[in-house]
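In what follows, a single structure is set out as structure tokens and then discussed.
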Amino acid sequence: MANDSKTTSKAGRFQDIISHCKEYGFVFPGSEIYDGLQAVYDYGQWGSELKKNIKDHWWKSMTQMHENIVGIDAAIFMHPTTWKASGHIDNFNDPMIDNKDSKKRYRVDHLIEGYAEKLYAENKTQEAEEVLEEMNSLLAKDDFEGLKKLIVDHKIKCPISGTSNWTDIRQFNLMFSTQMGSVAGEEGEGIVYLRPETAQGIFVNFLNVQKSGRMKIPFGIAQIGKAFRNEIVARQFIFRMREFEQMEMQFFIRPGTQKEWYERWKETRMNWHLSLGIAKERYRFHNHVKLAHYADAACDIEYEFPIGFKEVEGIHSRTDFDLKNHQEYSKKKMQYFDNDIDPATGKPYGNYIPYVIETSIGLDRMFLLVMSEAYTEEDLSTAEKQDSRVVLKFPPSLAPVKLAVLPLVKKDGLPEIARKIMDDCKASFRCFYEEKDTIGKRYRRMDAIGTPFCVTVDQQTKEDNTVTIRYRDTMQQERIHLNKIKEIILQSIG
Ligand code: ATP
């Protein structure tokens with residue numbers, strides 16, 4: 001994908017993308033007529049198409065292209081004990097600090113990172129690195145007093161009040177809870193949680209899938225679905241939402257092989273990103289210093305968003321933590337019988353609880369990534385006149401609309417021919433018909449939603465059955481025969 005925007009600042013570019021998303025029907029603030037709901041967004045007519053195309057692309061590459069990975073669709077509500085077993089009730093906390101003057105609450109790591117970013121901007125690189133290093137080592141030890149001291153010593157201020165009047169640091173659980181069934185009697189009864197990750201739906205179904213699908217280790221279970229987190233710092237558009245979607249895959253392996261599979265999945269997932277044509281330099285791996293309660297190794301795939309390098313996907317070696325705990329809490333065996341022969345003993349590997357490598361990507365973050373990569377402002381000015389365009393250079397396979405069919409004028413039988421093209425193509429891919437406004441304006445509207453191909457039906461079409469096809473990225477036009485349209489588009493979307 002291309003990205004030769006001329007927009008000056010990165011922050012400005014991010015704002016431009018947010019405005020474009022709203023203006024062209026990609027993403028709207030949630031419940032906007034009531035002034036919105038913090039960190040909740042709705043996808044519009046083109047956003048939902050783009051999102052679905054990203055989902056389909058991931059689903060196909062994970063399930064259809066891997067014979068040993070199958071998909072499921074588990075419920076959002078799960079038995080409350082699930083979250084006890086997974087550790088989310090006890091451990092899914094973030095250290096938070098409140099500013100007493102502004103009454104705003106911050107995630108401690110985000111507050112300190114924000115301070116470090118300022119130091120970087122002032123070219124105080126060494127100081128920034130020292131602060132981050134100290135923060136990481138304190139976080140790894142859950143040393144809240146040390147973290148508070150770090151904030152106080154560096155006189156880190158609240159961006160809203162501008163003061164350093166901080167509370168102590170406290171843990172804050174990120175799960176949303178609600179009540180199931182009739183009003184509960186005793187306190188705590190009937191409480192269910194909105195899942196904070198889709199992974200547990202996979203773990204609790206591990207044996208159902210393994211047995212009914214006769215799956216042999218190594219194998220994977222993939223899932224796409226909503227997850228909910230009561231995020232505190234939620235000011236970055238769809239990057240951090242309270243309701244979002246995850247595309248996760250748990251890969252079940254023999255204990256002892258986790259290092260090898262972890263490396264393999266890191267490579268496979270990075271290649272998936274690069275296969276979309278995105279430059280390698282925009283990606284990097286970030287190894288976790290503070291491991292989550294379930295992991296023995298973990299890294300993020302980070303992408304250079306307009307707001308800086310940020311996580312888009314996590315790859316975690318989750319050991320047998322989840323299955324073992326579900327076995328303990330449910331009193332149901334979570335074992336697998338491996339009848340492959342262990343060369344060390346000459347006997348079958350036998351019964352064990354599998355280890356797991358997880359790949360977990362946020363669909364909304366991937367959407368933002370694709371959008372950031374595609375959003376391009378081009379200066380088309382000539383000596384005679386000033387001109388520019390905004391074009392979304394999506395890979396054709398992800399574009400919400402693949403083909404726009406445009407009769408040059410609304411008469412002389414041209415709309416009828418255009419309608420025939422629509423009828424011929426619309427069962428194969430998403431098409432868009434438009435006859436209003438000048439052809440130039442219609443092309444620009446299609447550029448703005450990232451439609452890779454436009455065909456224009458004109459008087460000549462009636463004579464020789466040719467149309468003008470216009471290519472979005474180059475804006476070049478050529479005449480082709482009517483019966484070539486479908487083939488060209490199908491070829492480009494693979
Ligand atoms: P972060 O450090 O940014 O909070 P995380 O490490 O908690 O993310 P994971 O628990 O590893 O995230 O979740 C896997 C993926 O789900 C992330 O890589 C991200 O793409 C996505 N994700 C997590 N939280 C959110 C959120 N609040 N909004 C949108 N996507 C999210």
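Every chain in the structure tokens takes a letter, A first, then B, and so on in the order presented; its residues are numbered from 1, and the ligands are numbered from 1 following the presented order.
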| request: Name each residue within 8 Å of ligand 1, counting only C-alpha atoms and all ligand atoms, as a ChimeraX atom specification. | output: /A:197,228-231,234,238-248,300-301,310-316,360-366
| message | If I take atom CA of A:Leu138 and atom CA of A:Gln258, how far is one from the other in Å, to one decimal? | response |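 Between atom CA of A:Leu138 and atom CA of A:Gln258 the gap works out to 27.8 Å.
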| task | Show which residues sit within 7 Å of stretch 166-175 of chain A, as a ChimeraX atom specification. Count only C-alpha atoms, and ignore same-chain residues fewer than 4 positions away. | result | /A:92-100,144,148,193-194,196,229-231
Mind writing the picked residues with all heavy atoms as a compact mmCIF listing (two decimals), in the first residue's frame?
# COMPACT_ATOMS: atom_id res chain seq x y z
N PHE A 92 -6.54 -9.19 36.37
CA PHE A 92 -6.71 -8.33 35.20
C PHE A 92 -6.88 -6.88 35.65
O PHE A 92 -7.94 -6.27 35.55
CB PHE A 92 -7.91 -8.80 34.37
CG PHE A 92 -7.93 -8.21 32.99
CD1 PHE A 92 -6.83 -8.27 32.17
CD2 PHE A 92 -9.08 -7.61 32.51
CE1 PHE A 92 -6.85 -7.74 30.89
CE2 PHE A 92 -9.11 -7.07 31.23
CZ PHE A 92 -7.99 -7.14 30.43
N ASN A 93 -5.80 -6.39 36.20
CA ASN A 93 -5.84 -5.06 36.79
C ASN A 93 -4.75 -4.22 36.15
O ASN A 93 -3.72 -4.73 35.76
CB ASN A 93 -5.50 -5.14 38.28
CG ASN A 93 -6.47 -6.03 39.01
OD1 ASN A 93 -7.67 -5.84 38.91
ND2 ASN A 93 -5.94 -7.00 39.73
N ASP A 94 -4.99 -2.95 36.12
CA ASP A 94 -3.94 -2.03 35.72
C ASP A 94 -3.68 -1.08 36.87
O ASP A 94 -4.62 -0.62 37.52
CB ASP A 94 -4.39 -1.21 34.50
CG ASP A 94 -4.14 -1.97 33.21
OD1 ASP A 94 -3.27 -2.85 33.22
OD2 ASP A 94 -4.82 -1.66 32.22
N PRO A 95 -2.41 -0.76 37.13
CA PRO A 95 -2.15 0.24 38.16
C PRO A 95 -2.59 1.62 37.68
O PRO A 95 -2.24 2.04 36.58
CB PRO A 95 -0.63 0.19 38.37
CG PRO A 95 -0.08 -0.64 37.28
CD PRO A 95 -1.19 -1.33 36.57
N MET A 96 -3.38 2.27 38.51
CA MET A 96 -3.97 3.57 38.15
C MET A 96 -3.58 4.62 39.18
O MET A 96 -3.37 4.30 40.35
CB MET A 96 -5.50 3.49 38.18
CG MET A 96 -6.06 2.46 37.27
SD MET A 96 -5.88 3.03 35.61
CE MET A 96 -6.44 1.58 34.76
N ILE A 97 -3.59 5.85 38.73
CA ILE A 97 -3.34 6.96 39.65
C ILE A 97 -4.32 8.08 39.29
O ILE A 97 -4.62 8.28 38.11
CB ILE A 97 -1.86 7.41 39.57
CG1 ILE A 97 -1.51 8.35 40.71
CG2 ILE A 97 -1.52 8.05 38.23
CD1 ILE A 97 -0.01 8.49 40.93
N ASP A 98 -4.82 8.77 40.31
CA ASP A 98 -5.77 9.86 40.05
C ASP A 98 -5.11 11.20 40.34
O ASP A 98 -4.35 11.30 41.31
CB ASP A 98 -7.00 9.76 40.97
CG ASP A 98 -7.84 8.54 40.67
OD1 ASP A 98 -7.26 7.54 40.20
OD2 ASP A 98 -9.05 8.58 40.91
N ASN A 99 -5.45 12.19 39.56
CA ASN A 99 -5.02 13.55 39.88
C ASN A 99 -6.12 14.17 40.72
O ASN A 99 -7.29 14.21 40.30
CB ASN A 99 -4.76 14.36 38.61
CG ASN A 99 -4.24 15.74 38.93
OD1 ASN A 99 -5.01 16.67 39.12
ND2 ASN A 99 -2.93 15.88 39.02
N LYS A 100 -5.75 14.68 41.92
CA LYS A 100 -6.77 15.15 42.85
C LYS A 100 -7.44 16.43 42.37
O LYS A 100 -8.56 16.73 42.76
CB LYS A 100 -6.15 15.39 44.24
CG LYS A 100 -5.74 14.09 44.92
CD LYS A 100 -5.22 14.39 46.31
CE LYS A 100 -4.45 13.22 46.87
NZ LYS A 100 -3.57 13.61 47.97
N PHE A 144 4.50 -0.38 43.48
CA PHE A 144 3.68 0.83 43.31
C PHE A 144 4.28 2.05 44.00
O PHE A 144 4.17 3.17 43.51
CB PHE A 144 2.25 0.60 43.80
CG PHE A 144 1.51 -0.42 42.97
CD1 PHE A 144 0.33 -0.97 43.42
CD2 PHE A 144 2.01 -0.81 41.74
CE1 PHE A 144 -0.36 -1.91 42.65
CE2 PHE A 144 1.35 -1.75 40.97
CZ PHE A 144 0.16 -2.30 41.43
N LYS A 148 5.18 5.52 42.16
CA LYS A 148 4.69 6.83 42.62
C LYS A 148 5.87 7.78 42.80
O LYS A 148 5.83 8.95 42.40
CB LYS A 148 3.92 6.64 43.94
CG LYS A 148 3.57 7.93 44.67
CD LYS A 148 2.18 8.43 44.37
CE LYS A 148 1.88 9.79 44.93
NZ LYS A 148 1.16 9.78 46.19
N TYR A 193 -19.72 -11.64 33.60
CA TYR A 193 -18.83 -10.62 33.04
C TYR A 193 -18.93 -10.61 31.52
O TYR A 193 -19.19 -11.64 30.91
CB TYR A 193 -17.38 -10.92 33.44
CG TYR A 193 -17.17 -10.85 34.93
CD1 TYR A 193 -17.23 -11.99 35.72
CD2 TYR A 193 -16.94 -9.62 35.55
CE1 TYR A 193 -17.06 -11.93 37.09
CE2 TYR A 193 -16.76 -9.54 36.92
CZ TYR A 193 -16.83 -10.70 37.69
OH TYR A 193 -16.66 -10.62 39.05
N LEU A 194 -18.75 -9.44 30.96
CA LEU A 194 -18.59 -9.37 29.51
C LEU A 194 -17.15 -9.77 29.23
O LEU A 194 -16.24 -9.19 29.82
CB LEU A 194 -18.85 -7.95 29.00
CG LEU A 194 -20.24 -7.38 29.24
CD1 LEU A 194 -20.36 -6.01 28.60
CD2 LEU A 194 -21.29 -8.30 28.65
N PRO A 196 -13.42 -10.21 28.58
CA PRO A 196 -12.37 -9.24 28.25
C PRO A 196 -11.44 -9.74 27.15
O PRO A 196 -10.57 -9.01 26.70
CB PRO A 196 -11.61 -9.08 29.57
CG PRO A 196 -11.78 -10.41 30.24
CD PRO A 196 -13.09 -10.97 29.80
N ARG A 229 -13.50 -4.12 27.64
CA ARG A 229 -12.59 -3.75 28.73
C ARG A 229 -12.91 -2.33 29.17
O ARG A 229 -13.04 -1.45 28.32
CB ARG A 229 -11.12 -3.80 28.27
CG ARG A 229 -10.68 -5.20 27.92
CD ARG A 229 -9.22 -5.25 27.53
NE ARG A 229 -8.92 -6.59 27.02
CZ ARG A 229 -7.74 -6.97 26.56
NH1 ARG A 229 -6.73 -6.12 26.56
NH2 ARG A 229 -7.56 -8.20 26.12
N ASN A 230 -12.99 -2.18 30.48
CA ASN A 230 -13.29 -0.85 31.00
C ASN A 230 -12.02 -0.01 31.02
O ASN A 230 -11.46 0.28 32.07
CB ASN A 230 -13.89 -0.99 32.40
CG ASN A 230 -14.68 0.25 32.77
OD1 ASN A 230 -14.72 1.21 32.00
ND2 ASN A 230 -15.29 0.23 33.93
N GLU A 231 -11.56 0.33 29.83
CA GLU A 231 -10.29 1.06 29.68
C GLU A 231 -10.40 2.43 30.34
O GLU A 231 -11.44 3.08 30.26
CB GLU A 231 -9.95 1.23 28.20
CG GLU A 231 -9.78 -0.07 27.44
CD GLU A 231 -8.41 -0.71 27.67
OE1 GLU A 231 -7.65 -0.20 28.51
OE2 GLU A 231 -8.13 -1.73 27.00
| message | Applying 10 Å and only C-alpha atoms, which residues near A:Ile202 remain after dropping the ones on its own chain fewer than 5 positions away? List them as a VMD selection string. | response | chain A and resid 71 to 74 207 to 209 220 to 223 248 to 250
Export C-alpha atoms of the chosen residues as an mmCIF file, in the first residue's frame?
data_model
loop_
_atom_site.group_PDB
_atom_site.id
_atom_site.type_symbol
_atom_site.label_atom_id
_atom_site.label_comp_id
_atom_site.auth_asym_id
_atom_site.auth_seq_id
_atom_site.Cartn_x
_atom_site.Cartn_y
_atom_site.Cartn_z
ATOM 1 C CA GLY A 71 -12.752 -21.833 13.798
ATOM 2 C CA ILE A 72 -15.472 -21.501 16.435
ATOM 3 C CA ASP A 73 -17.914 -18.855 17.588
ATOM 4 C CA ALA A 74 -18.340 -18.992 21.372
ATOM 5 C CA LEU A 207 -11.994 -30.871 24.256
ATOM 6 C CA ASN A 208 -15.294 -30.406 22.411
ATOM 7 C CA VAL A 209 -13.420 -29.362 19.284
ATOM 8 C CA GLY A 220 -5.297 -24.535 16.432
ATOM 9 C CA ILE A 221 -8.705 -23.034 17.195
ATOM 10 C CA ALA A 222 -9.482 -19.584 15.824
ATOM 11 C CA GLN A 223 -12.197 -17.161 16.778
ATOM 12 C CA GLU A 248 -7.543 -14.814 18.186
ATOM 13 C CA MET A 249 -6.041 -18.205 17.602
ATOM 14 C CA GLN A 250 -4.898 -20.670 20.248
#
| said: Please extract the residues of stretch 231-295 of chain A with a backbone DSSP assignment of strand (DSSP E or B) and present them as a PyMOL selection string. | reply: chain A and resi 243-253+283-287
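Shortest separation to A:Glu378 among A:Ile353, A:Ile439, A:Met475, A:Ile191 occurs at residue A:Met475, atoms counted being only C-alpha atoms.
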| query | Using only C-alpha atoms, which residues sit within 9 Å of A:Ser428 once same-chain residues fewer than 3 positions away are excluded, as JSON, numbers by chain? | reply | {"A": [424, 425, 431, 486, 490]}
| In Å, with one decimal, what is the gap from atom CA of A:His79 to atom CA of A:Arg214? | 25.9 Å
| task | Measuring atom to atom with only C-alpha atoms, identify which of A:Ser31, A:Ser102, A:Thr438, A:Thr451 is nearest to A:Lys402. | result |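 Closest residue, counting only C-alpha atoms: A:Thr451.
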| Any idea what's packed within 9 Å of A:Tyr43, counting only C-alpha atoms, ignoring anything in its chain fewer than 2 positions away? Could you give it as a PyMOL selection string? | chain A and resi 25-30+41+45-49+51
Emit the selected residues as a PDB file, in the first residue's frame, including N, CA and C atoms.
ATOM      1  N   GLY A  25     -18.363   7.882   6.003  1.00  0.00           N
ATOM      2  CA  GLY A  25     -19.147   6.705   6.402  1.00  0.00           C
ATOM      3  C   GLY A  25     -18.337   5.509   6.835  1.00  0.00           C
ATOM      4  N   PHE A  26     -17.130   5.742   7.382  1.00  0.00           N
ATOM      5  CA  PHE A  26     -16.354   4.604   7.882  1.00  0.00           C
ATOM      6  C   PHE A  26     -16.586   4.398   9.383  1.00  0.00           C
ATOM      7  N   VAL A  27     -16.350   5.440  10.179  1.00  0.00           N
ATOM      8  CA  VAL A  27     -16.501   5.299  11.640  1.00  0.00           C
ATOM      9  C   VAL A  27     -17.171   6.544  12.211  1.00  0.00           C
ATOM     10  N   PHE A  28     -18.214   6.328  13.007  1.00  0.00           N
ATOM     11  CA  PHE A  28     -18.908   7.437  13.682  1.00  0.00           C
ATOM     12  C   PHE A  28     -18.727   7.297  15.196  1.00  0.00           C
ATOM     13  N   PRO A  29     -18.717   8.423  15.910  1.00  0.00           N
ATOM     14  CA  PRO A  29     -18.718   8.300  17.380  1.00  0.00           C
ATOM     15  C   PRO A  29     -19.996   7.571  17.813  1.00  0.00           C
ATOM     16  N   GLY A  30     -19.914   6.672  18.795  1.00  0.00           N
ATOM     17  CA  GLY A  30     -21.096   5.915  19.220  1.00  0.00           C
ATOM     18  C   GLY A  30     -22.151   6.831  19.835  1.00  0.00           C
ATOM     19  N   TYR A  41     -17.445   3.364  19.496  1.00  0.00           N
ATOM     20  CA  TYR A  41     -17.587   3.842  18.107  1.00  0.00           C
ATOM     21  C   TYR A  41     -18.484   2.905  17.316  1.00  0.00           C
ATOM     22  N   GLN A  45     -21.417   2.636   6.792  1.00  0.00           N
ATOM     23  CA  GLN A  45     -21.665   1.792   5.616  1.00  0.00           C
ATOM     24  C   GLN A  45     -20.383   1.280   4.962  1.00  0.00           C
ATOM     25  N   TRP A  46     -19.368   2.113   4.881  1.00  0.00           N
ATOM     26  CA  TRP A  46     -18.129   1.624   4.240  1.00  0.00           C
ATOM     27  C   TRP A  46     -17.188   1.015   5.266  1.00  0.00           C
ATOM     28  N   GLY A  47     -17.236   1.537   6.502  1.00  0.00           N
ATOM     29  CA  GLY A  47     -16.389   0.978   7.558  1.00  0.00           C
ATOM     30  C   GLY A  47     -16.737  -0.475   7.837  1.00  0.00           C
ATOM     31  N   SER A  48     -18.048  -0.767   7.840  1.00  0.00           N
ATOM     32  CA  SER A  48     -18.424  -2.154   8.155  1.00  0.00           C
ATOM     33  C   SER A  48     -18.003  -3.093   7.014  1.00  0.00           C
ATOM     34  N   GLU A  49     -17.992  -2.587   5.790  1.00  0.00           N
ATOM     35  CA  GLU A  49     -17.520  -3.425   4.666  1.00  0.00           C
ATOM     36  C   GLU A  49     -16.020  -3.678   4.784  1.00  0.00           C
ATOM     37  N   LYS A  51     -14.207  -3.549   7.485  1.00  0.00           N
ATOM     38  CA  LYS A  51     -13.976  -4.394   8.652  1.00  0.00           C
ATOM     39  C   LYS A  51     -14.257  -5.861   8.310  1.00  0.00           C
TER      40      LYS A  51
END
| In Å, how far is it from atom CA of A:Gln327 to atom CA of A:Gly201? |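 Atom CA of A:Gln327 sits 14.5 Å away from atom CA of A:Gly201.
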| request: Would you mind telling me which residue in A:Pro452, A:Pro343, A:Gly181, A:Gly12 lies nearest to A:Lys393 when using only C-alpha atoms? | output: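 Between A:Pro452, A:Pro343, A:Gly181, A:Gly12, the residue approaching A:Lys393 most closely is A:Pro452.
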| When distances are computed from only C-alpha atoms, which of A:Ile112, A:Ala85, A:Ser164, A:Glu384 shows the smallest separation from A:Leu139? | A:Ile112
